[in-house]
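Next comes my_file35.txt, with compact mmCIF, C-alpha atoms (C1' of nucleotides).
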# COMPACT_ATOMS: atom_id res chain seq x y z
CA MET O 174 -100.17 166.80 94.15
CA PRO O 175 -100.91 169.84 92.07
CA ASP O 176 -104.61 169.80 91.22
CA PRO O 177 -107.02 171.40 93.70
CA ALA O 178 -109.41 168.47 93.95
CA SER O 179 -106.61 166.11 94.99
CA ASN O 180 -105.48 168.60 97.60
CA VAL O 181 -108.95 168.81 99.08
CA PHE O 182 -109.45 165.05 99.24
CA ALA O 183 -105.95 164.45 100.60
CA ALA O 184 -106.54 167.04 103.28
CA LEU O 185 -109.77 165.31 104.28
CA ALA O 186 -108.17 161.86 104.28
CA ASP O 187 -106.73 162.37 107.74
CA ALA O 188 -108.99 161.99 110.79
CA PRO O 189 -107.27 164.66 112.93
CA ARG O 190 -107.85 167.16 110.13
CA ARG O 191 -111.52 166.27 109.90
CA ASP O 192 -111.64 166.70 113.68
CA ILE O 193 -110.26 170.20 113.25
CA LEU O 194 -112.92 171.03 110.68
CA SER O 195 -115.54 169.59 112.97
CA ALA O 196 -114.31 171.78 115.83
CA LEU O 197 -114.69 174.78 113.53
CA LEU O 198 -118.32 173.93 112.82
CA ASP O 199 -119.67 176.33 115.40
CA GLY O 200 -117.37 179.19 114.52
CA GLU O 201 -113.94 180.69 114.51
CA ARG O 202 -111.28 179.26 116.84
CA SER O 203 -107.70 180.07 117.71
CA VAL O 204 -104.95 177.49 117.32
CA GLY O 205 -104.59 177.18 121.07
CA SER O 206 -108.30 176.53 121.45
CA LEU O 207 -108.00 173.71 118.92
CA VAL O 208 -105.04 172.27 120.82
CA ASP O 209 -107.19 172.22 123.95
CA VAL O 210 -110.23 170.65 122.34
CA LEU O 211 -108.45 167.97 120.32
CA SER O 212 -105.66 166.01 121.93
CA ILE O 213 -102.93 166.83 119.46
CA SER O 214 -99.72 168.72 120.05
CA GLN O 215 -99.52 172.37 119.02
CA PRO O 216 -97.00 171.79 116.23
CA GLN O 217 -99.20 169.04 114.82
CA VAL O 218 -102.25 171.27 114.89
CA SER O 219 -100.32 173.99 113.09
CA LYS O 220 -99.13 171.53 110.48
CA HIS O 221 -102.63 170.20 109.92
CA LEU O 222 -103.98 173.74 109.67
CA ARG O 223 -101.42 174.46 107.01
CA VAL O 224 -102.62 171.52 104.94
CA LEU O 225 -106.22 172.62 105.37
CA ARG O 226 -105.29 176.17 104.46
CA GLU O 227 -103.48 175.09 101.31
CA ALA O 228 -106.52 173.05 100.33
CA GLN O 229 -108.58 176.19 100.91
CA LEU O 230 -110.74 174.39 103.41
CA VAL O 231 -110.07 176.96 106.12
CA ARG O 232 -109.28 180.63 106.25
CA CYS O 233 -107.17 182.42 108.80
CA ARG O 234 -107.08 185.93 110.18
CA ALA O 235 -104.75 187.45 112.75
CA GLN O 236 -106.06 189.00 115.94
CA GLY O 237 -103.19 190.19 118.08
CA ARG O 238 -100.84 187.26 118.46
CA ARG O 239 -103.51 184.71 117.78
CA ARG O 240 -104.57 183.24 114.48
CA LEU O 241 -108.27 182.68 114.21
CA TYR O 242 -109.27 179.92 111.83
CA ARG O 243 -112.67 179.37 110.30
CA LEU O 244 -114.23 177.15 107.68
CA GLU O 245 -114.09 178.27 104.06
CA PRO O 246 -117.43 177.44 102.44
CA GLU O 247 -116.23 177.71 98.84
CA SER O 248 -114.06 174.64 98.91
CA LEU O 249 -116.76 172.51 100.44
CA ARG O 250 -119.14 173.77 97.83
CA SER O 251 -116.91 172.59 94.98
CA LEU O 252 -116.69 169.24 96.71
CA ARG O 253 -120.46 169.11 96.74
CA ASP O 254 -120.52 170.00 93.05
CA TRP O 255 -118.16 167.15 92.27
CA LEU O 256 -120.43 164.77 94.18
CA THR O 257 -123.53 166.02 92.46
CA GLN O 258 -122.60 164.67 89.05
CA TYR O 259 -122.37 161.16 90.53
CA GLU O 260 -125.64 161.46 92.32
CA ARG O 261 -127.30 162.62 89.14
CA ALA O 262 -125.91 159.66 87.21
CA MET O 263 -127.09 157.26 89.88
CA ILE O 264 -130.51 158.77 90.08
CA GLU O 265 -130.89 158.59 86.32
CA ARG O 266 -130.02 154.94 86.33
CA PHE O 267 -132.31 154.22 89.23
CA ASP O 268 -135.09 156.02 87.45
CA ARG O 269 -134.56 153.99 84.30
CA MET O 270 -134.61 150.53 85.82
CA ASP O 271 -135.06 148.65 89.04
CA ASP O 272 -132.48 146.44 90.74
CA TYR O 273 -133.50 143.25 88.95
CA LEU O 274 -133.12 144.81 85.55
CA ARG O 275 -129.78 146.27 86.50
CA VAL O 276 -128.39 142.78 87.06
CA LEU O 277 -129.33 141.86 83.50
CA GLN O 278 -127.89 145.04 82.00
CA GLN O 279 -125.19 144.56 79.36
CA PRO O 280 -121.76 146.05 80.09
CA GLN O 281 -120.98 149.21 78.15
CA GLY O 282 -117.96 150.51 76.30
CA GLU O 283 -116.26 147.25 75.36
CA LYS O 284 -114.02 147.47 72.33
CA MET A 96 -105.73 154.07 107.69
CA PRO A 97 -108.43 152.10 109.39
CA ASP A 98 -111.55 154.27 109.50
CA PRO A 99 -113.89 154.16 106.49
CA ALA A 100 -114.08 157.91 105.94
CA SER A 101 -110.31 158.19 105.64
CA ASN A 102 -110.28 155.34 103.17
CA VAL A 103 -112.87 157.04 101.01
CA PHE A 104 -111.10 160.40 100.98
CA ALA A 105 -107.69 158.84 100.42
CA ALA A 106 -109.07 156.86 97.50
CA LEU A 107 -110.47 160.04 95.98
CA ALA A 108 -107.24 161.97 96.53
CA ASP A 109 -105.67 160.54 93.39
CA ALA A 110 -106.64 161.94 90.00
CA PRO A 111 -106.34 158.62 88.08
CA ARG A 112 -108.78 157.07 90.53
CA ARG A 113 -111.26 159.89 90.08
CA ASP A 114 -110.83 159.38 86.32
CA ILE A 115 -111.80 155.75 86.79
CA LEU A 116 -114.92 156.72 88.71
CA SER A 117 -115.74 159.24 86.04
CA ALA A 118 -115.41 156.57 83.36
CA LEU A 119 -117.88 154.46 85.32
CA LEU A 120 -120.44 157.25 85.35
CA ASP A 121 -122.36 155.89 82.40
CA GLY A 122 -122.31 152.30 83.53
CA GLU A 123 -120.41 149.11 84.12
CA ARG A 124 -117.01 148.63 82.49
CA SER A 125 -114.41 145.89 82.31
CA VAL A 126 -110.83 146.50 83.42
CA GLY A 127 -109.62 146.32 79.83
CA SER A 128 -112.12 148.93 78.76
CA LEU A 129 -110.81 151.23 81.48
CA VAL A 130 -107.25 150.63 80.32
CA ASP A 131 -108.30 151.69 76.82
CA VAL A 132 -110.17 154.81 77.89
CA LEU A 133 -107.64 156.12 80.41
CA SER A 134 -103.98 156.06 79.52
CA ILE A 135 -102.76 154.00 82.43
CA SER A 136 -101.14 150.59 82.39
CA GLN A 137 -103.26 147.54 83.19
CA PRO A 138 -101.48 146.75 86.47
CA GLN A 139 -101.97 150.35 87.58
CA VAL A 140 -105.66 150.23 86.75
CA SER A 141 -106.02 147.02 88.73
CA LYS A 142 -104.22 148.54 91.68
CA HIS A 143 -106.39 151.64 91.61
CA LEU A 144 -109.50 149.51 91.35
CA ARG A 145 -108.41 147.63 94.42
CA VAL A 146 -108.13 150.86 96.39
CA LEU A 147 -111.55 151.95 95.15
CA ARG A 148 -113.00 148.55 96.00
CA GLU A 149 -111.59 148.63 99.53
CA ALA A 150 -113.07 152.11 99.99
CA GLN A 151 -116.38 150.63 98.80
CA LEU A 152 -116.56 153.19 96.02
CA VAL A 153 -116.93 150.52 93.35
CA ARG A 154 -118.34 147.03 93.16
CA CYS A 155 -117.13 144.22 90.96
CA ARG A 156 -118.78 141.19 89.40
CA ALA A 157 -117.26 138.46 87.25
CA GLN A 158 -118.50 137.73 83.77
CA GLY A 159 -116.46 134.99 82.21
CA ARG A 160 -112.85 136.04 82.51
CA ARG A 161 -113.66 139.69 82.79
CA ARG A 162 -114.36 141.71 85.88
CA LEU A 163 -117.06 144.30 85.45
CA TYR A 164 -116.79 147.28 87.75
CA ARG A 165 -119.51 149.75 88.58
CA LEU A 166 -120.04 152.61 90.99
CA GLU A 167 -121.28 151.83 94.47
CA PRO A 168 -123.84 154.49 95.42
CA GLU A 169 -123.75 153.80 99.18
CA SER A 170 -120.27 155.12 99.75
CA LEU A 171 -120.92 158.31 97.85
CA ARG A 172 -124.07 158.77 99.83
CA SER A 173 -122.19 158.66 103.13
CA LEU A 174 -119.77 161.20 101.71
CA ARG A 175 -122.72 163.44 100.93
CA ASP A 176 -124.02 162.96 104.47
CA TRP A 177 -120.68 164.04 105.88
CA LEU A 178 -120.77 167.14 103.72
CA THR A 179 -124.28 167.98 104.69
CA GLN A 180 -123.48 168.80 108.29
CA TYR A 181 -121.02 171.45 107.11
CA GLU A 182 -123.45 172.93 104.69
CA ARG A 183 -126.06 173.11 107.38
CA ALA A 184 -123.67 174.89 109.73
CA MET A 185 -122.72 177.38 107.03
CA ILE A 186 -126.27 178.08 106.07
CA GLU A 187 -127.21 178.65 109.69
CA ARG A 188 -124.44 181.13 110.09
CA PHE A 189 -125.27 182.88 106.85
CA ASP A 190 -128.87 183.08 107.94
CA ARG A 191 -127.93 184.62 111.27
CA MET A 192 -125.66 187.37 110.03
CA ASP A 193 -124.24 188.97 106.93
CA ASP A 194 -120.55 189.21 106.00
CA TYR A 195 -119.96 192.50 107.76
CA LEU A 196 -121.27 191.22 111.05
CA ARG A 197 -119.23 188.07 110.72
CA VAL A 198 -116.03 190.12 110.71
CA LEU A 199 -117.00 191.64 114.04
CA GLN A 200 -117.97 188.34 115.60
CA GLN A 201 -116.05 187.33 118.75
CA PRO A 202 -113.97 184.12 118.54
CA GLN A 203 -115.49 181.21 120.42
CA GLY A 204 -114.13 178.56 122.75
CA GLU A 205 -111.10 180.40 124.16
CA LYS A 206 -109.94 179.13 127.53
C1' DT Q 97 -104.23 119.30 78.85
C1' DT Q 98 -102.22 123.10 76.63
C1' DT Q 99 -102.60 127.64 75.25
C1' DC Q 100 -104.46 132.19 75.30
C1' DC Q 101 -106.56 136.03 77.29
C1' DA Q 102 -108.06 139.14 81.16
C1' DT Q 103 -106.97 140.58 85.48
C1' DA Q 104 -104.41 140.64 89.86
C1' DT Q 105 -100.30 140.56 92.62
C1' DT Q 106 -95.48 141.05 93.90
C1' DC Q 107 -91.05 143.30 94.03
C1' DC Q 108 -88.45 147.36 93.88
C1' DA Q 109 -86.76 152.18 93.91
C1' DA Q 110 -88.34 156.77 94.40
C1' DT Q 111 -91.11 159.95 96.76
C1' DA Q 112 -94.34 161.61 100.21
C1' DT Q 113 -96.42 161.86 104.82
C1' DT Q 114 -96.52 161.44 109.83
C1' DG Q 115 -95.38 162.53 114.71
C1' DG Q 116 -92.06 164.18 118.02
C1' DA Q 117 -88.59 167.28 119.54
C1' DA Q 118 -86.38 171.36 119.09
C1' DT Q 119 -86.30 175.85 117.38
C1' DA Q 120 -87.81 180.08 114.94
C1' DT Q 121 -90.98 184.09 114.31
C1' DA Q 122 -93.97 187.53 115.79
C1' DT Q 123 -96.79 190.12 118.97
C1' DT Q 124 -97.61 191.92 123.57
C1' DG Q 125 -96.38 193.80 127.98
C1' DA Q 126 -92.92 195.30 131.50
C1' DT S 148 -84.77 196.34 125.42
C1' DC S 149 -86.13 191.89 127.60
C1' DA S 150 -89.37 188.32 128.79
C1' DA S 151 -93.59 185.86 127.88
C1' DT S 152 -97.10 184.08 124.90
C1' DA S 153 -99.02 182.22 120.51
C1' DT S 154 -98.10 180.11 116.43
C1' DA S 155 -95.19 178.27 112.69
C1' DT S 156 -91.30 175.84 110.88
C1' DT S 157 -87.46 172.65 110.58
C1' DC S 158 -85.16 168.28 111.20
C1' DC S 159 -85.45 163.51 111.76
C1' DA S 160 -86.78 158.54 111.73
C1' DA S 161 -90.54 155.62 110.65
C1' DT S 162 -94.05 154.41 107.57
C1' DA S 163 -96.87 154.64 103.45
C1' DT S 164 -97.75 155.32 98.50
C1' DT S 165 -96.60 155.40 93.61
C1' DG S 166 -95.27 153.60 88.99
C1' DG S 167 -92.89 150.21 86.30
C1' DA S 168 -91.55 145.61 85.26
C1' DA S 169 -92.15 141.03 85.87
C1' DT S 170 -94.95 137.36 87.24
C1' DA S 171 -99.00 134.85 88.99
C1' DT S 172 -103.92 133.45 88.80
C1' DG S 173 -107.97 131.90 86.72
C1' DG S 174 -111.27 131.19 83.07
C1' DA S 175 -111.98 129.79 78.07
C1' DA S 176 -111.07 127.69 73.84
C1' DA S 177 -108.67 124.28 71.08
What does this structure look like when you write it as structure tokens?
Amino acid sequence: MPDPASNVFAALADAPRRDILSALLDGERSVGSLVDVLSISQPQVSKHLRVLREAQLVRCRAQGRRRLYRLEPESLRSLRDWLTQYERAMIERFDRMDDYLRVLQQPQGEK
Amino acid sequence: MPDPASNVFAALADAPRRDILSALLDGERSVGSLVDVLSISQPQVSKHLRVLREAQLVRCRAQGRRRLYRLEPESLRSLRDWLTQYERAMIERFDRMDDYLRVLQQPQGEK
DNA sequence: TTTCCATATTCCAATATTGGAATATATTGA
DNA sequence: TCAATATATTCCAATATTGGAATATGGAAA
């Protein structure tokens, strides 16, 4: 899965990983602290963190023998950018016509 | 993968499926029209559409023997809502302190 | 009804992902 | 150096996902 967008979505497609991100919402946390908060084994947490790291969704710094993980805003921002184009397209269509007219709309792009 | 959020992210984790969504940006399209635009086989397109349908990312209506697919705004909107909580948390933190202070910040939630 | 066209489904082999258990690495303290 | 702590990695069996080929379904036209 080489392209960055696929990595991000695949990383987010697993509930335990979203739980990890959610636990990082209020700031940096060590791996052990994540193990305590979530009910996942330490090796699993480390594996999930690796996936999140490779998707650039989290960043990690060492402090003594702990690794402190925090959210990486950049990756979430590019996700938002991806979403924005769809929202814009929807809004344009909603602006152009109401629901009733949309039902009557001809399909586009047929050969 | 039973929860809706995981379904949405998993559906988006595949580039061909994002290509399909992108092709639907300017309106409804039949399956055959998608096969022409993207370079994927018809059975593959149908399979991808099924995944997108089950994630509620697209809707389908029949017109004669064709199936016309279009984007489903609701699902994208809930994705945006999920994102928003992270953006809010980031913005709050950025408002509270600049980068230099963030480096000095104590980790939270240690036992 | 028979045939054609558009789409969906099934089967299969290859590949990827998951969780658990065990183990490895690295840092700290005695 | 040795032991303890924190985290990461590896190995394995089970399960899931992918693409291709073949086939099935269902509507439309003759």
As a JSON list (two decimals) with C-alpha atoms, in the coordinates of the input, please: the residues near DA153 (chain S) (cut-off 8 Å, only C-alpha atoms (C1' of nucleotides), same-chain neighbours under 6 positions excluded).
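Output file around17.json is given in full below:
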[["chain", "number", "residue", "atom", "x", "y", "z"],
["O", 205, "GLY", "CA", -104.59, 177.18, 121.07],
["O", 238, "ARG", "CA", -100.84, 187.26, 118.46],
["O", 239, "ARG", "CA", -103.51, 184.71, 117.78]]
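With C1' of DT121 (chain Q) on one side and CA of Leu211 (chain O) on the other, the separation reads 24.5 Å.
The two atoms in question, C1' of DA110 (chain Q) and C1' of DA160 (chain S), are spaced 17.5 Å apart.
Selected on chain Q by distance to chain O: Q:DG115, Q:DA122, Q:DT123, Q:DT124 (within 8 Å, counting all atoms listed in the file).
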Write the residues of the preceding selection, restricted to C-alpha atoms (C1' of nucleotides), as a compact mmCIF listing (two decimals), keeping the file's coordinate frame.
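So the final result, stored in out_28.txt, reads:
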# COMPACT_ATOMS: atom_id res chain seq x y z
C1' DG Q 115 -95.38 162.53 114.71
C1' DA Q 122 -93.97 187.53 115.79
C1' DT Q 123 -96.79 190.12 118.97
C1' DT Q 124 -97.61 191.92 123.57
DA161 (chain S) environment, 12 Å, only C-alpha atoms (C1' of nucleotides), sequence neighbours closer than 3 positions dropped, as a PDB file with C-alpha atoms (C1' of nucleotides), keeping the file's coordinate frame:
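Dumped everything to out-v9.pdb:
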ATOM      1  C1'  DT Q 113     -96.420 161.860 104.820  1.00  0.00           C
ATOM      2  C1'  DT Q 114     -96.520 161.440 109.830  1.00  0.00           C
ATOM      3  C1'  DG Q 115     -95.380 162.530 114.710  1.00  0.00           C
ATOM      4  C1'  DG Q 116     -92.060 164.180 118.020  1.00  0.00           C
TER       5       DG Q 116
END
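The two atoms in question, CA of Asp209 (chain O) and CA of Ala235 (chain O), are spaced 19.1 Å apart.
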**Report entry** Residues of chain A within 8 Å of chain O, all atoms listed in the file counted, as a PyMOL selection string
**Finding:** chain A and resi 100-105+107-110+120-125+128+163+168+171+175+178+181-182+184-185+202-206
Restricting it to C-alpha atoms, dump the selection as a PDB file, in the coordinates of the input.
ATOM      1  CA  ALA A 100    -114.080 157.910 105.940  1.00  0.00           C
ATOM      2  CA  SER A 101    -110.310 158.190 105.640  1.00  0.00           C
ATOM      3  CA  ASN A 102    -110.280 155.340 103.170  1.00  0.00           C
ATOM      4  CA  VAL A 103    -112.870 157.040 101.010  1.00  0.00           C
ATOM      5  CA  PHE A 104    -111.100 160.400 100.980  1.00  0.00           C
ATOM      6  CA  ALA A 105    -107.690 158.840 100.420  1.00  0.00           C
ATOM      7  CA  LEU A 107    -110.470 160.040  95.980  1.00  0.00           C
ATOM      8  CA  ALA A 108    -107.240 161.970  96.530  1.00  0.00           C
ATOM      9  CA  ASP A 109    -105.670 160.540  93.390  1.00  0.00           C
ATOM     10  CA  ALA A 110    -106.640 161.940  90.000  1.00  0.00           C
ATOM     11  CA  LEU A 120    -120.440 157.250  85.350  1.00  0.00           C
ATOM     12  CA  ASP A 121    -122.360 155.890  82.400  1.00  0.00           C
ATOM     13  CA  GLY A 122    -122.310 152.300  83.530  1.00  0.00           C
ATOM     14  CA  GLU A 123    -120.410 149.110  84.120  1.00  0.00           C
ATOM     15  CA  ARG A 124    -117.010 148.630  82.490  1.00  0.00           C
ATOM     16  CA  SER A 125    -114.410 145.890  82.310  1.00  0.00           C
ATOM     17  CA  SER A 128    -112.120 148.930  78.760  1.00  0.00           C
ATOM     18  CA  LEU A 163    -117.060 144.300  85.450  1.00  0.00           C
ATOM     19  CA  PRO A 168    -123.840 154.490  95.420  1.00  0.00           C
ATOM     20  CA  LEU A 171    -120.920 158.310  97.850  1.00  0.00           C
ATOM     21  CA  ARG A 175    -122.720 163.440 100.930  1.00  0.00           C
ATOM     22  CA  LEU A 178    -120.770 167.140 103.720  1.00  0.00           C
ATOM     23  CA  TYR A 181    -121.020 171.450 107.110  1.00  0.00           C
ATOM     24  CA  GLU A 182    -123.450 172.930 104.690  1.00  0.00           C
ATOM     25  CA  ALA A 184    -123.670 174.890 109.730  1.00  0.00           C
ATOM     26  CA  MET A 185    -122.720 177.380 107.030  1.00  0.00           C
ATOM     27  CA  PRO A 202    -113.970 184.120 118.540  1.00  0.00           C
ATOM     28  CA  GLN A 203    -115.490 181.210 120.420  1.00  0.00           C
ATOM     29  CA  GLY A 204    -114.130 178.560 122.750  1.00  0.00           C
ATOM     30  CA  GLU A 205    -111.100 180.400 124.160  1.00  0.00           C
ATOM     31  CA  LYS A 206    -109.940 179.130 127.530  1.00  0.00           C
TER      32      LYS A 206
END
Query - At most 9 Å to chain A: residues in chain S, all atoms listed in the file, as a VMD selection string - result: chain S and resid 166 173 to 175
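With only C-alpha atoms as the atoms that count, the minimum distance from His221 (chain O) to the choices O:Ile193, O:Cys233, O:Arg240, O:Val208 is reached by O:Ile193.
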